[in-house]
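For reference, query.pdb is printed below; it contains PDB, C-alpha atoms.
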MODEL        1
ATOM      1  CA  LYS A 225     -90.892 -38.329 -58.068
ATOM      2  CA  GLN A 226     -92.210 -37.663 -54.570
ATOM      3  CA  GLU A 227     -92.667 -33.984 -53.742
ATOM      4  CA  VAL A 228     -93.704 -32.523 -50.399
ATOM      5  CA  THR A 229     -95.406 -29.140 -50.132
ATOM      6  CA  GLN A 230     -96.185 -27.164 -47.004
ATOM      7  CA  ILE A 231     -98.710 -24.357 -46.939
ATOM      8  CA  PRO A 232     -98.582 -21.643 -45.738
ATOM      9  CA  ALA A 233     -94.880 -20.782 -45.847
ATOM     10  CA  ALA A 234     -95.368 -18.451 -42.878
ATOM     11  CA  LEU A 235     -98.104 -17.952 -40.318
ATOM     12  CA  SER A 236     -98.581 -15.419 -37.542
ATOM     13  CA  VAL A 237    -101.242 -15.929 -34.886
ATOM     14  CA  PRO A 238    -102.120 -14.441 -31.486
ATOM     15  CA  GLU A 239    -101.403 -16.466 -28.389
ATOM     16  CA  GLY A 240    -104.097 -18.940 -27.411
ATOM     17  CA  GLU A 241    -105.334 -19.605 -30.923
ATOM     18  CA  ASN A 242    -105.740 -23.133 -32.270
ATOM     19  CA  LEU A 243    -104.017 -23.579 -35.619
ATOM     20  CA  VAL A 244    -103.460 -26.062 -38.420
ATOM     21  CA  LEU A 245    -100.366 -26.555 -40.538
ATOM     22  CA  ASN A 246    -100.740 -28.365 -43.832
ATOM     23  CA  CYS A 247     -98.510 -30.842 -45.648
ATOM     24  CA  SER A 248     -99.235 -32.500 -48.985
ATOM     25  CA  PHE A 249     -97.317 -35.138 -50.901
ATOM     26  CA  THR A 250     -97.658 -36.277 -54.500
ATOM     27  CA  ASP A 251     -97.197 -40.056 -54.148
ATOM     28  CA  SER A 252     -99.406 -41.922 -51.685
ATOM     29  CA  ALA A 253     -96.945 -44.840 -51.458
ATOM     30  CA  ILE A 254     -95.337 -43.736 -48.222
ATOM     31  CA  TYR A 255     -93.798 -45.756 -45.392
ATOM     32  CA  ASN A 256     -94.387 -43.092 -42.763
ATOM     33  CA  LEU A 257     -94.577 -39.334 -42.238
ATOM     34  CA  GLN A 258     -92.723 -37.334 -39.612
ATOM     35  CA  TRP A 259     -93.282 -33.805 -38.301
ATOM     36  CA  PHE A 260     -90.288 -31.862 -36.981
ATOM     37  CA  ARG A 261     -89.745 -28.544 -35.261
ATOM     38  CA  GLN A 262     -86.699 -26.378 -35.972
ATOM     39  CA  ASP A 263     -85.721 -23.337 -33.920
ATOM     40  CA  PRO A 264     -83.499 -20.698 -35.603
ATOM     41  CA  GLY A 265     -79.950 -21.978 -36.057
ATOM     42  CA  LYS A 266     -80.760 -25.296 -34.406
ATOM     43  CA  GLY A 267     -81.232 -28.894 -35.429
ATOM     44  CA  LEU A 268     -84.536 -30.704 -35.938
ATOM     45  CA  THR A 269     -86.628 -32.003 -33.067
ATOM     46  CA  SER A 270     -89.000 -34.845 -33.878
ATOM     47  CA  LEU A 271     -92.579 -34.077 -32.872
ATOM     48  CA  LEU A 272     -94.716 -36.901 -34.223
ATOM     49  CA  LEU A 273     -94.234 -39.976 -36.403
ATOM     50  CA  ILE A 274     -97.245 -41.443 -38.224
ATOM     51  CA  GLN A 275     -96.974 -44.866 -39.797
ATOM     52  CA  SER A 276     -98.697 -45.392 -43.149
ATOM     53  CA  SER A 277    -101.338 -47.595 -41.485
ATOM     54  CA  GLN A 278    -102.229 -44.944 -38.897
ATOM     55  CA  ARG A 279    -104.659 -42.037 -39.169
ATOM     56  CA  GLU A 280    -103.326 -39.816 -36.407
ATOM     57  CA  GLN A 281    -100.893 -39.377 -33.558
ATOM     58  CA  THR A 282    -101.133 -37.130 -30.516
ATOM     59  CA  SER A 283     -98.564 -35.670 -28.158
ATOM     60  CA  GLY A 284     -99.717 -33.100 -25.629
ATOM     61  CA  ARG A 285    -101.162 -30.102 -27.493
ATOM     62  CA  LEU A 286    -100.114 -31.526 -30.859
ATOM     63  CA  ASN A 287    -102.179 -33.777 -33.087
ATOM     64  CA  ALA A 288    -101.064 -34.959 -36.505
ATOM     65  CA  SER A 289    -103.393 -36.619 -38.978
ATOM     66  CA  LEU A 290    -102.631 -38.571 -42.118
ATOM     67  CA  ASP A 291    -104.849 -39.166 -45.144
ATOM     68  CA  LYS A 292    -102.635 -41.243 -47.381
ATOM     69  CA  SER A 293    -105.118 -41.620 -50.219
ATOM     70  CA  SER A 294    -105.439 -37.870 -50.673
ATOM     71  CA  GLY A 295    -101.745 -37.222 -49.975
ATOM     72  CA  ARG A 296    -102.309 -34.946 -47.006
ATOM     73  CA  SER A 297    -101.240 -34.509 -43.413
ATOM     74  CA  THR A 298    -102.132 -31.801 -40.943
ATOM     75  CA  LEU A 299    -100.470 -30.739 -37.712
ATOM     76  CA  TYR A 300    -102.943 -29.264 -35.246
ATOM     77  CA  ILE A 301    -101.583 -27.134 -32.405
ATOM     78  CA  ALA A 302    -104.038 -26.361 -29.630
ATOM     79  CA  ALA A 303    -103.900 -23.239 -27.477
ATOM     80  CA  SER A 304    -100.764 -21.880 -29.126
ATOM     81  CA  GLN A 305     -98.039 -20.255 -26.999
ATOM     82  CA  PRO A 306     -95.146 -17.916 -27.874
ATOM     83  CA  GLY A 307     -92.811 -20.833 -27.191
ATOM     84  CA  ASP A 308     -94.370 -22.642 -30.157
ATOM     85  CA  SER A 309     -92.756 -20.104 -32.498
ATOM     86  CA  ALA A 310     -90.469 -22.069 -34.819
ATOM     87  CA  THR A 311     -90.339 -23.604 -38.278
ATOM     88  CA  TYR A 312     -92.318 -26.815 -38.655
ATOM     89  CA  LEU A 313     -91.118 -29.340 -41.207
ATOM     90  CA  CYS A 314     -93.005 -32.261 -42.701
ATOM     91  CA  ALA A 315     -91.102 -35.204 -44.197
ATOM     92  CA  VAL A 316     -92.198 -38.471 -45.795
ATOM     93  CA  SER A 317     -90.375 -41.764 -46.222
ATOM     94  CA  PRO A 318     -91.365 -43.364 -49.531
ATOM     95  CA  ASN A 319     -92.405 -47.019 -49.557
ATOM     96  CA  TYR A 320     -90.303 -48.969 -52.035
ATOM     97  CA  GLY A 321     -91.958 -52.376 -52.105
ATOM     98  CA  GLY A 322     -92.093 -52.603 -48.341
ATOM     99  CA  SER A 323     -88.697 -50.999 -47.776
ATOM    100  CA  GLN A 324     -88.382 -47.548 -46.246
ATOM    101  CA  GLY A 325     -86.947 -44.880 -48.527
ATOM    102  CA  ASN A 326     -84.971 -41.852 -47.372
ATOM    103  CA  LEU A 327     -86.796 -38.812 -45.998
ATOM    104  CA  ILE A 328     -88.126 -36.194 -48.423
ATOM    105  CA  PHE A 329     -88.756 -32.827 -46.822
ATOM    106  CA  GLY A 330     -91.106 -29.942 -47.420
ATOM    107  CA  LYS A 331     -89.733 -26.409 -47.137
ATOM    108  CA  GLY A 332     -91.471 -25.799 -43.839
ATOM    109  CA  THR A 333     -93.983 -23.405 -42.283
ATOM    110  CA  LYS A 334     -92.536 -20.618 -40.157
ATOM    111  CA  LEU A 335     -94.875 -20.042 -37.222
ATOM    112  CA  SER A 336     -94.909 -16.922 -35.087
ATOM    113  CA  VAL A 337     -97.147 -16.803 -32.021
ATOM    114  CA  LYS A 338     -97.612 -13.270 -30.703
ATOM    115  CA  PRO A 339     -98.121 -12.664 -26.955
TER     116      PRO A 339
ATOM    117  CA  ASP B 313     -78.461 -39.372 -22.413
ATOM    118  CA  GLY B 314     -78.336 -40.815 -25.908
ATOM    119  CA  GLY B 315     -78.120 -38.487 -28.847
ATOM    120  CA  ILE B 316     -76.224 -37.153 -31.834
ATOM    121  CA  THR B 317     -73.339 -34.730 -31.422
ATOM    122  CA  GLN B 318     -72.198 -32.534 -34.280
ATOM    123  CA  SER B 319     -69.042 -30.459 -34.126
ATOM    124  CA  PRO B 320     -68.030 -27.795 -34.553
ATOM    125  CA  LYS B 321     -71.123 -25.612 -34.304
ATOM    126  CA  TYR B 322     -69.551 -23.006 -36.603
ATOM    127  CA  LEU B 323     -66.865 -23.614 -39.228
ATOM    128  CA  PHE B 324     -65.123 -21.248 -41.611
ATOM    129  CA  ARG B 325     -63.459 -22.446 -44.776
ATOM    130  CA  LYS B 326     -61.052 -20.650 -47.049
ATOM    131  CA  GLU B 327     -61.264 -21.032 -50.806
ATOM    132  CA  GLY B 328     -59.633 -24.286 -51.963
ATOM    133  CA  GLN B 329     -59.599 -25.845 -48.510
ATOM    134  CA  ASN B 330     -61.065 -29.169 -47.433
ATOM    135  CA  VAL B 331     -62.905 -29.245 -44.106
ATOM    136  CA  THR B 332     -64.390 -32.117 -42.110
ATOM    137  CA  LEU B 333     -67.598 -32.014 -40.102
ATOM    138  CA  SER B 334     -67.945 -34.447 -37.242
ATOM    139  CA  CYS B 335     -71.046 -36.496 -36.393
ATOM    140  CA  GLU B 336     -71.109 -38.963 -33.479
ATOM    141  CA  GLN B 337     -74.072 -40.910 -32.109
ATOM    142  CA  ASN B 338     -74.466 -43.103 -29.034
ATOM    143  CA  LEU B 339     -77.931 -44.357 -29.910
ATOM    144  CA  ASN B 340     -76.663 -47.637 -31.384
ATOM    145  CA  HIS B 341     -78.368 -46.710 -34.656
ATOM    146  CA  ASP B 342     -77.308 -48.522 -37.795
ATOM    147  CA  ALA B 343     -78.149 -45.844 -40.352
ATOM    148  CA  MET B 344     -76.671 -42.347 -40.504
ATOM    149  CA  TYR B 345     -77.347 -39.443 -42.857
ATOM    150  CA  TRP B 346     -75.997 -36.041 -43.891
ATOM    151  CA  TYR B 347     -78.336 -33.287 -45.045
ATOM    152  CA  ARG B 348     -77.695 -29.788 -46.328
ATOM    153  CA  GLN B 349     -80.093 -26.939 -45.571
ATOM    154  CA  ASP B 350     -80.168 -23.677 -47.511
ATOM    155  CA  PRO B 351     -82.517 -20.728 -46.871
ATOM    156  CA  GLY B 352     -85.852 -21.188 -48.620
ATOM    157  CA  GLN B 353     -85.116 -24.790 -49.570
ATOM    158  CA  GLY B 354     -85.983 -28.087 -47.977
ATOM    159  CA  LEU B 355     -83.314 -30.348 -46.557
ATOM    160  CA  ARG B 356     -81.384 -32.190 -49.252
ATOM    161  CA  LEU B 357     -79.655 -35.535 -48.751
ATOM    162  CA  ILE B 358     -75.883 -35.587 -49.343
ATOM    163  CA  TYR B 359     -74.795 -39.094 -48.289
ATOM    164  CA  TYR B 360     -76.129 -41.906 -46.173
ATOM    165  CA  SER B 361     -74.821 -45.104 -44.624
ATOM    166  CA  GLN B 362     -76.879 -48.072 -43.512
ATOM    167  CA  ILE B 363     -73.991 -50.152 -42.197
ATOM    168  CA  VAL B 364     -70.349 -49.784 -41.236
ATOM    169  CA  ASN B 365     -67.939 -49.569 -44.167
ATOM    170  CA  ASP B 366     -70.728 -48.880 -46.642
ATOM    171  CA  PHE B 367     -72.327 -45.637 -47.820
ATOM    172  CA  GLN B 368     -74.353 -44.321 -50.748
ATOM    173  CA  LYS B 369     -74.660 -41.001 -52.537
ATOM    174  CA  GLY B 370     -77.732 -38.920 -51.968
ATOM    175  CA  ASP B 371     -79.183 -36.242 -54.211
ATOM    176  CA  ILE B 372     -76.310 -33.729 -53.978
ATOM    177  CA  ALA B 373     -73.135 -35.750 -53.299
ATOM    178  CA  GLU B 374     -70.822 -33.870 -55.700
ATOM    179  CA  GLY B 375     -68.003 -32.122 -53.850
ATOM    180  CA  TYR B 376     -68.515 -34.124 -50.655
ATOM    181  CA  SER B 377     -67.012 -37.322 -49.246
ATOM    182  CA  VAL B 378     -67.767 -39.505 -46.218
ATOM    183  CA  SER B 379     -66.462 -42.505 -44.325
ATOM    184  CA  ARG B 380     -68.090 -44.979 -41.947
ATOM    185  CA  GLU B 381     -65.320 -46.835 -40.134
ATOM    186  CA  LYS B 382     -67.245 -47.066 -36.862
ATOM    187  CA  LYS B 383     -70.941 -47.464 -36.172
ATOM    188  CA  GLU B 384     -70.929 -44.366 -33.981
ATOM    189  CA  SER B 385     -69.221 -41.989 -36.402
ATOM    190  CA  PHE B 386     -70.039 -40.609 -39.846
ATOM    191  CA  PRO B 387     -67.774 -37.643 -40.715
ATOM    192  CA  LEU B 388     -68.464 -35.475 -43.756
ATOM    193  CA  THR B 389     -65.651 -33.820 -45.720
ATOM    194  CA  VAL B 390     -66.493 -30.782 -47.794
ATOM    195  CA  THR B 391     -63.873 -30.702 -50.527
ATOM    196  CA  SER B 392     -62.585 -27.832 -52.632
ATOM    197  CA  ALA B 393     -64.678 -29.260 -55.493
ATOM    198  CA  GLN B 394     -67.851 -28.092 -53.726
ATOM    199  CA  LYS B 395     -68.303 -24.649 -55.276
ATOM    200  CA  ASN B 396     -70.998 -23.342 -52.977
ATOM    201  CA  PRO B 397     -70.441 -24.925 -49.563
ATOM    202  CA  THR B 398     -71.913 -22.180 -47.379
ATOM    203  CA  ALA B 399     -74.907 -23.837 -45.717
ATOM    204  CA  PHE B 400     -76.238 -25.452 -42.552
ATOM    205  CA  TYR B 401     -75.316 -29.144 -42.330
ATOM    206  CA  LEU B 402     -77.391 -31.616 -40.360
ATOM    207  CA  CYS B 403     -76.544 -35.164 -39.381
ATOM    208  CA  ALA B 404     -79.231 -37.728 -38.559
ATOM    209  CA  SER B 405     -79.481 -41.366 -37.532
ATOM    210  CA  LYS B 406     -82.121 -44.064 -37.492
ATOM    211  CA  ASN B 407     -82.609 -47.561 -36.101
ATOM    212  CA  ASP B 408     -83.552 -49.545 -39.181
ATOM    213  CA  ARG B 409     -84.867 -52.464 -37.153
ATOM    214  CA  LEU B 410     -87.252 -50.344 -35.106
ATOM    215  CA  ASN B 411     -89.493 -47.898 -36.910
ATOM    216  CA  TYR B 412     -88.999 -44.972 -34.541
ATOM    217  CA  GLY B 413     -88.170 -42.324 -37.114
ATOM    218  CA  TYR B 414     -85.110 -40.131 -37.470
ATOM    219  CA  THR B 415     -83.059 -38.339 -34.800
ATOM    220  CA  PHE B 416     -81.148 -35.204 -35.787
ATOM    221  CA  GLY B 417     -78.083 -33.434 -34.424
ATOM    222  CA  SER B 418     -77.857 -29.707 -33.687
ATOM    223  CA  GLY B 419     -76.105 -28.838 -36.942
ATOM    224  CA  THR B 420     -72.900 -27.197 -38.196
ATOM    225  CA  ARG B 421     -72.968 -23.865 -39.980
ATOM    226  CA  LEU B 422     -70.228 -23.710 -42.612
ATOM    227  CA  THR B 423     -69.201 -20.382 -44.107
ATOM    228  CA  VAL B 424     -66.686 -19.721 -46.869
ATOM    229  CA  VAL B 425     -64.436 -16.750 -46.144
TER     230      VAL B 425
ENDMDL
END

Go ahead and render the structure in this file as structure tokens.
Amino acid sequence: KQEVTQIPAALSVPEGENLVLNCSFTDSAIYNLQWFRQDPGKGLTSLLLIQSSQREQTSGRLNASLDKSSGRSTLYIAASQPGDSATYLCAVSPNYGGSQGNLIFGKGTKLSVKP
Amino acid sequence: DGGITQSPKYLFRKEGQNVTLSCEQNLNHDAMYWYRQDPGQGLRLIYYSQIVNDFQKGDIAEGYSVSREKKESFPLTVTSAQKNPTAFYLCASKNDRLNYGYTFGSGTRLTVV
């Protein structure tokens, strides 16, 4: 059974620091992996989607990498800002013989960026 | 702008009452999903639908029901059989023909009073 783990559960950094959030999954047979941001009491905002054949995706100050064989993904945030404070969720879609399975989520990393 | 609209934002339910959460999308997505989020836990799948008039149970379907009479709408009913309904409920949709990932709504917070 696919399990997704995010470490650390919480992270506090000073403004301007570069940081890395980690996501690991137990089964390398994935269709894709998606990183989301969630602000308190709000829905999920999609940040980056990495297909199983890709190694990384970039959007602005965000870079997500995928190492399928080792079951790991990282989300790199450059020059962090207080506005980046939120919970970051990693989710994988299993690959069922070429068909995309439903999303399986980690519990998230709560990020706090201090001014 | 295209998106997913969930209503209401806050909902209060009395013991033994059924309540219905609304989810509407204008993205022309085929697939729609309902997730439940509890503090300290990951999102858990309640029900999903890949086509009109068809839906499947997710991991925690007991005490919930859905319908998919229109492509744009996927309402979730929390029945009195759901013993612990207080949670944050999220609706999502996806275009199965284009691999663009999932789009989520802003959520409904349900509280039992």

**Item:** Reference answer for the ChimeraX specification (/A :<8) & /B, as JSON, numbers by chain
**Value:** {"B": [352, 353, 354, 355, 356, 402, 412, 413, 414, 415, 416, 417, 418, 419]}

**Request:** Step by step, work through what the PyMOL selection byres ((chain B and resi 387-398) around 12) selects in the shown file, and finish by giving those residues as an NGL selection string.
**Result:** :B and (317-320 or 322-337 or 344-351 or 358-361 or 367 or 372-386 or 399-404 or 420-425)

**Prompt:** What is the CA of Leu235 in chain A to CA of Thr311 in chain A distance in Å?
**Reply:** 9.8 Å

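What separates CA of Ser276 in chain A from CA of Leu290 in chain A is a distance of 7.9 Å.
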
**Request:** Can you work out the spacing between CA of Ser236 in chain A and CA of Lys292 in chain A in Å, to one decimal?
**Result:** 27.9 Å

**Message:** Once the PyMOL selection byres ((chain A and resi 301-304) around 9) is applied to the coordinates I shared, what remains selected? I want it as a PyMOL selection string.
**Reply:** chain A and resi 237-245+284-288+299-300+305-309+337

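Every protein, DNA or RNA residue with an atom at most 12 Å from Arg409 in chain B, where only C-alpha atoms count and chain neighbours fewer than 4 positions away do not, is listed here: Ser323 and Gln324 of chain A; Asn340, His341, Asp342, Ala343, Gln362 and Gly413 of chain B.
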
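If you measure from each of B:Gly315, B:Leu357, B:Asn411, B:Asp371 to Leu339 in chain B using only C-alpha atoms, the closest one turns out to be B:Gly315.
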
Around all listed atoms of range 409-423 of chain B, padded 3 Å per side, what centre and edge lengths does the axis-aligned box have in Å to one decimal, as JSON?
{"center_x": -79.3, "center_y": -36.4, "center_z": -38.9, "size_x": 26.3, "size_y": 38.1, "size_z": 16.4}
